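Chemist: Provided below: data-v8.pdb, containing PDB, C-alpha atoms.
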```
ATOM      1  CA  MET L   1     167.125  36.553-143.773
ATOM      2  CA  SER L   2     165.746  35.832-140.327
ATOM      3  CA  GLN L   3     165.426  38.684-137.860
ATOM      4  CA  THR L   4     166.028  38.433-134.101
ATOM      5  CA  TYR L   5     162.292  38.370-133.368
ATOM      6  CA  GLN L   6     161.859  35.486-135.829
ATOM      7  CA  ILE L   7     164.490  33.472-133.971
ATOM      8  CA  GLU L   8     162.807  34.342-130.661
ATOM      9  CA  VAL L   9     159.333  33.318-131.865
ATOM     10  CA  LEU L  10     160.602  29.984-133.252
ATOM     11  CA  PRO L  11     160.433  28.068-129.926
ATOM     12  CA  ILE L  12     157.141  29.785-129.078
ATOM     13  CA  LEU L  13     155.541  28.521-132.297
ATOM     14  CA  LYS L  14     157.012  25.065-131.767
ATOM     15  CA  GLY L  15     155.569  25.018-128.259
ATOM     16  CA  PHE L  16     152.084  26.048-129.353
ATOM     17  CA  GLU L  17     151.925  24.139-132.642
ATOM     18  CA  GLY L  18     153.995  21.146-131.581
ATOM     19  CA  CYS L  19     157.063  19.914-133.417
ATOM     20  CA  VAL L  20     156.853  16.438-134.905
ATOM     21  CA  SER L  21     159.580  14.777-136.950
ATOM     22  CA  THR L  22     157.219  12.230-138.544
ATOM     23  CA  MET L  23     154.053  12.391-140.660
ATOM     24  CA  TYR L  24     150.720  12.436-138.840
ATOM     25  CA  LEU L  25     147.121  13.448-139.499
ATOM     26  CA  ASP L  26     145.730  16.607-137.979
ATOM     27  CA  THR L  27     142.139  16.786-136.749
ATOM     28  CA  ALA L  28     140.933  17.661-140.275
ATOM     29  CA  GLY L  29     142.663  14.603-141.781
ATOM     30  CA  ASN L  30     145.533  16.510-143.416
ATOM     31  CA  VAL L  31     148.904  14.789-143.552
ATOM     32  CA  THR L  32     151.152  17.033-141.507
ATOM     33  CA  CYS L  33     154.690  17.144-140.129
ATOM     34  CA  GLY L  34     157.099  19.524-138.421
ATOM     35  CA  VAL L  35     155.479  22.592-136.909
ATOM     36  CA  GLY L  36     152.079  22.114-138.509
ATOM     37  CA  PHE L  37     153.426  21.842-142.077
ATOM     38  CA  GLU L  38     150.575  20.515-144.192
ATOM     39  CA  LEU L  39     151.649  17.970-146.803
ATOM     40  CA  GLU L  40     148.775  18.360-149.263
ATOM     41  CA  THR L  41     150.061  15.620-151.563
ATOM     42  CA  ALA L  42     152.752  12.960-151.637
ATOM     43  CA  VAL L  43     154.623  15.192-154.094
ATOM     44  CA  VAL L  44     154.730  17.959-151.479
ATOM     45  CA  ALA L  45     156.017  15.429-148.931
ATOM     46  CA  GLN L  46     158.750  14.446-151.388
ATOM     47  CA  GLY L  47     160.116  17.990-151.119
ATOM     48  CA  PHE L  48     161.327  17.291-147.574
ATOM     49  CA  PRO L  49     164.517  15.336-146.744
ATOM     50  CA  TRP L  50     163.022  12.252-145.080
ATOM     51  CA  TYR L  51     165.207   9.617-143.464
ATOM     52  CA  ILE L  52     164.293   5.946-143.323
ATOM     53  CA  ASP L  53     166.416   5.041-140.291
ATOM     54  CA  ARG L  54     166.270   6.246-136.686
ATOM     55  CA  ALA L  55     169.835   7.578-136.862
ATOM     56  CA  CYS L  56     168.812   9.758-139.837
ATOM     57  CA  THR L  57     171.693   8.674-142.035
ATOM     58  CA  VAL L  58     169.820   7.067-144.958
ATOM     59  CA  LEU L  59     167.577   9.275-147.082
ATOM     60  CA  ALA L  60     164.243   7.799-148.148
ATOM     61  CA  THR L  61     163.544   7.358-151.847
ATOM     62  CA  LEU L  62     160.683   9.201-153.532
ATOM     63  CA  GLN L  63     158.763   5.923-153.607
ATOM     64  CA  GLU L  64     159.287   5.426-149.859
ATOM     65  CA  VAL L  65     158.059   8.947-149.166
ATOM     66  CA  THR L  66     154.976   8.372-151.314
ATOM     67  CA  ALA L  67     154.267   5.061-149.581
ATOM     68  CA  ALA L  68     154.609   6.689-146.145
ATOM     69  CA  TRP L  69     152.296   9.555-147.124
ATOM     70  CA  VAL L  70     149.654   7.124-148.473
ATOM     71  CA  ARG L  71     149.921   4.954-145.364
ATOM     72  CA  VAL L  72     149.422   7.880-142.976
ATOM     73  CA  LYS L  73     146.662   9.430-145.108
ATOM     74  CA  ALA L  74     144.652   6.185-144.813
ATOM     75  CA  MET L  75     144.736   6.250-141.005
ATOM     76  CA  MET L  76     142.204   7.722-138.556
ATOM     77  CA  PRO L  77     142.658  11.513-138.180
ATOM     78  CA  GLY L  78     143.121  13.559-135.048
ATOM     79  CA  ARG L  79     145.131  11.150-132.914
ATOM     80  CA  GLN L  80     148.378  11.963-131.126
ATOM     81  CA  PRO L  81     151.370  11.957-133.512
ATOM     82  CA  ALA L  82     152.787   8.788-131.929
ATOM     83  CA  PHE L  83     149.697   6.903-133.182
ATOM     84  CA  TYR L  84     150.982   7.343-136.766
ATOM     85  CA  THR L  85     154.454   5.941-136.188
ATOM     86  CA  TYR L  86     155.417   2.454-137.259
ATOM     87  CA  ASP L  87     158.545   0.377-137.819
ATOM     88  CA  ARG L  88     160.896   2.252-140.194
ATOM     89  CA  CYS L  89     158.707   5.344-140.011
ATOM     90  CA  LEU L  90     160.224   8.248-141.957
ATOM     91  CA  GLN L  91     161.897  10.999-139.917
ATOM     92  CA  LEU L  92     162.931  14.619-140.435
ATOM     93  CA  LEU L  93     165.975  16.177-138.812
ATOM     94  CA  GLN L  94     165.246  18.982-136.343
ATOM     95  CA  ALA L  95     167.568  21.247-138.337
ATOM     96  CA  ASP L  96     165.479  20.656-141.476
ATOM     97  CA  ILE L  97     162.256  21.414-139.594
ATOM     98  CA  ASP L  98     163.765  24.629-138.221
ATOM     99  CA  ALA L  99     165.065  25.675-141.646
ATOM    100  CA  HIS L 100     161.616  25.156-143.197
ATOM    101  CA  LEU L 101     159.940  27.062-140.359
ATOM    102  CA  LEU L 102     162.387  29.957-140.733
ATOM    103  CA  ALA L 103     161.686  30.084-144.476
ATOM    104  CA  ILE L 104     157.958  30.317-143.691
ATOM    105  CA  LEU L 105     158.661  33.041-141.133
ATOM    106  CA  ASP L 106     160.682  34.978-143.725
ATOM    107  CA  GLN L 107     157.621  34.898-146.009
ATOM    108  CA  THR L 108     155.368  35.805-143.078
ATOM    109  CA  ASP L 109     157.633  38.761-142.338
ATOM    110  CA  GLU L 110     157.306  39.937-145.958
ATOM    111  CA  ASN L 111     153.523  39.595-145.759
ATOM    112  CA  LEU L 112     153.365  41.591-142.526
ATOM    113  CA  GLN L 113     155.613  44.322-143.909
ATOM    114  CA  ARG L 114     153.311  44.606-146.922
ATOM    115  CA  ASP L 115     150.134  44.479-144.822
ATOM    116  CA  TYR L 116     151.153  46.867-142.047
ATOM    117  CA  PRO L 117     152.993  50.040-143.004
ATOM    118  CA  GLY L 118     155.518  50.744-140.290
ATOM    119  CA  PHE L 119     155.877  47.069-139.348
ATOM    120  CA  GLU L 120     159.666  47.421-139.244
ATOM    121  CA  SER L 121     159.363  50.017-136.462
ATOM    122  CA  PHE L 122     156.914  47.976-134.373
ATOM    123  CA  PRO L 123     158.239  46.629-131.050
ATOM    124  CA  ASP L 124     159.620  43.095-131.337
ATOM    125  CA  THR L 125     156.889  41.802-129.017
ATOM    126  CA  VAL L 126     154.267  43.068-131.478
ATOM    127  CA  LYS L 127     156.139  41.552-134.417
ATOM    128  CA  MET L 128     156.252  38.176-132.640
ATOM    129  CA  ALA L 129     152.528  38.316-131.803
ATOM    130  CA  LEU L 130     151.671  39.217-135.393
ATOM    131  CA  MET L 131     153.903  36.425-136.686
ATOM    132  CA  ASP L 132     152.126  33.939-134.434
ATOM    133  CA  MET L 133     148.711  35.141-135.551
ATOM    134  CA  ASP L 134     149.665  35.148-139.244
ATOM    135  CA  TYR L 135     151.231  31.681-138.927
ATOM    136  CA  ASN L 136     148.154  30.326-137.148
ATOM    137  CA  LEU L 137     145.423  32.036-139.178
ATOM    138  CA  GLY L 138     147.036  32.710-142.524
ATOM    139  CA  ASP L 139     147.675  36.169-143.921
ATOM    140  CA  ALA L 140     144.278  36.692-145.575
ATOM    141  CA  LYS L 141     142.287  35.666-142.497
ATOM    142  CA  LEU L 142     144.424  37.837-140.212
ATOM    143  CA  ARG L 143     143.731  40.884-142.384
ATOM    144  CA  ASN L 144     140.072  40.170-143.163
ATOM    145  CA  ALA L 145     138.450  38.269-140.285
ATOM    146  CA  TYR L 146     139.532  40.564-137.446
ATOM    147  CA  PRO L 147     138.666  44.118-138.582
ATOM    148  CA  HIS L 148     138.828  45.770-135.136
ATOM    149  CA  PHE L 149     142.156  44.130-134.393
ATOM    150  CA  ASP L 150     143.455  44.997-137.847
ATOM    151  CA  ALA L 151     142.452  48.657-137.479
ATOM    152  CA  ALA L 152     144.129  48.811-134.058
ATOM    153  CA  VAL L 153     147.393  47.485-135.502
ATOM    154  CA  ASP L 154     147.183  49.969-138.368
ATOM    155  CA  ARG L 155     146.899  52.754-135.726
ATOM    156  CA  GLN L 156     149.611  51.113-133.603
ATOM    157  CA  ASP L 157     147.087  51.066-130.752
ATOM    158  CA  TRP L 158     148.590  48.143-128.876
ATOM    159  CA  ALA L 159     146.091  48.243-125.973
ATOM    160  CA  THR L 160     143.164  47.768-128.369
ATOM    161  CA  ALA L 161     145.115  45.152-130.347
ATOM    162  CA  ALA L 162     145.641  43.259-127.066
ATOM    163  CA  ALA L 163     141.908  43.379-126.373
ATOM    164  CA  GLN L 164     141.015  42.245-129.920
ATOM    165  CA  CYS L 165     143.606  39.514-130.587
ATOM    166  CA  HIS L 166     141.637  36.564-129.171
ATOM    167  CA  ARG L 167     141.302  33.642-131.603
ATOM    168  CA  ASN L 168     138.836  30.786-131.375
ATOM    169  CA  GLY L 169     140.055  27.214-131.633
ATOM    170  CA  ILE L 170     143.444  27.688-129.993
ATOM    171  CA  SER L 171     144.593  27.259-126.420
ATOM    172  CA  ASP L 172     143.921  29.849-123.751
ATOM    173  CA  ALA L 173     147.667  29.890-123.082
ATOM    174  CA  ARG L 174     148.378  30.873-126.684
ATOM    175  CA  ASN L 175     145.759  33.621-126.591
ATOM    176  CA  ARG L 176     147.177  34.909-123.280
ATOM    177  CA  TRP L 177     150.720  34.897-124.656
ATOM    178  CA  THR L 178     149.651  36.870-127.743
ATOM    179  CA  GLN L 179     147.715  39.378-125.641
ATOM    180  CA  GLN L 180     150.718  39.849-123.337
ATOM    181  CA  GLN L 181     152.963  40.637-126.300
ATOM    182  CA  PHE L 182     150.705  43.549-127.282
ATOM    183  CA  GLU L 183     150.346  44.665-123.663
ATOM    184  CA  GLU L 184     154.134  44.770-123.254
ATOM    185  CA  ALA L 185     154.347  47.168-126.202
TER     186      ALA L 185
END
```
Take the structure in this file and express it as structure tokens.

Modeler:
Amino acid sequence: MSQTYQIEVLPILKGFEGCVSTMYLDTAGNVTCGVGFELETAVVAQGFPWYIDRACTVLATLQEVTAAWVRVKAMMPGRQPAFYTYDRCLQLLQADIDAHLLAILDQTDENLQRDYPGFESFPDTVKMALMDMDYNLGDAKLRNAYPHFDAAVDRQDWATAAAQCHRNGISDARNRWTQQQFEEA
């Protein structure tokens, strides 16, 4: 079940990651949709409720989803999402994107509770920053690639966590936001 901080971080993640209702290729050539949801295979894409019409009233068949995935996968990676749209391009409803994101955040919350004893008592700003970092990096990388940050969180030393939370490959605005969440704690 989603917590208040998960609901609050939802628009933050959508702002930083983007929120796209169609399939597109990320810079690494992965078919992606929603809030950075990687669709590793056409079968994974079939697990989403895709609509074939702009009004989102007619669900796409499994064959249509597969064809859309193959079509996008064959395109040039790393362009803006609009580059990958075409006539009768499959669409997701915003409510379905949000539901999938909240399910991921529920799992992220479980991971963080397991990884950081006392997570439940952390300030909500810290929980949101950790959720963003875990979502962006993945749980294993968060725990293993940032040892000074990780140790600071274990000690609940928010000033050191703020100084150690910088990630490469993301926007300065996202790094500043994350740092501010720790500083507010």

Chemist: Could you tell me which residues the PyMOL selection byres ((chain L and resi 116) around 12) grabs in this file, written as a PyMOL selection string?

Modeler: chain L and resi 108-115+117-122+126-127+130+139+142-143+150-156

Chemist: Give the answer as one residue: which of L:Ala95, L:Ala185, L:Cys165, L:Val72 has the shortest atom-to-atom distance to Ala145 (chain L), using all atoms listed in the file?

Modeler: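 With all atoms listed in the file as the atom set, the closest residue is L:Cys165.
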
Chemist: Please determine, counting all atoms listed in the file, which residue among L:Val58, L:Ala173, L:Ala129, L:Ile52 has the shortest atom-to-atom distance to Gln6 (chain L).

Modeler: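 Closest residue, counting all atoms listed in the file: L:Ala129.
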
Chemist: When you count only C-alpha atoms, which of these residues is closest to Trp50 (chain L): L:Leu92, L:Leu13, L:Leu25, L:Gln80?

Modeler: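 When distances to Trp50 (chain L) are compared using only C-alpha atoms, the smallest one comes from L:Leu92.
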
Chemist: Taking into account all atoms listed in the file, which residue in the set L:Ala140, L:Val31, L:Leu10, L:Met133 is nearest to Lys73 (chain L)?

Modeler: L:Val31

Chemist: Could you tell me, as a PyMOL selection string, which residues have any atom at most 9 Å from (151.4, 33.2, -133.3), counting all atoms listed in the file?

Modeler: chain L and resi 9+12-13+16+128-137+174-175+177-178

Chemist: What is the CA of Gln63 (chain L)-CA of Gln46 (chain L) distance in Å, reported with one decimal?

Modeler: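 Taking CA of Gln63 (chain L) as the start and CA of Gln46 (chain L) as the end point, the length is 8.8 Å.
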
Chemist: Do a neighbour search on Ala82 (chain L) at 10 Å with only C-alpha atoms, toss out local chain neighbours closer than 5 positions, and write the hits as number ranges by chain.

Modeler: L: 20, 22-24

Chemist: From the set L:Cys19, L:Ala28, L:Ala163, L:Leu39, which residue has the shortest atom-to-atom contact distance to Arg79 (chain L), counting only C-alpha atoms?

Modeler: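 Between L:Cys19, L:Ala28, L:Ala163, L:Leu39, the residue approaching Arg79 (chain L) most closely is L:Ala28.
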
Chemist: Given the choices L:Leu105, L:Ala162, L:Leu62, L:Ala55, which gets closest to Tyr5 (chain L) if the distance is worked out from all atoms listed in the file?

Modeler: L:Leu105

Chemist: Kindly extract all protein, DNA and RNA residues lying within 10 Å of the coordinates (156.2, 5.4, -143.3) given in the file, considering all atoms listed in the file, and supply them as a list in words.

Modeler: Thr22, Met23, Tyr24, Trp50, Tyr51, Ile52, Ala60, Glu64, Val65, Thr66, Ala67, Ala68, Trp69, Val70, Arg71, Val72, Tyr84, Thr85, Tyr86, Asp87, Arg88, Cys89, Leu90 and Gln91 of chain L

Chemist: As a PyMOL selection string, please: the residues near Glu183 (chain L) (cut-off 7 Å, only C-alpha atoms, same-chain neighbours under 2 positions excluded).

Modeler: chain L and resi 158-159+162+179-181+185

Chemist: Could you check how far CA of Thr160 (chain L) sits from CA of Arg176 (chain L), in Å to one decimal?

Modeler: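 So the answer is 14.4 Å.
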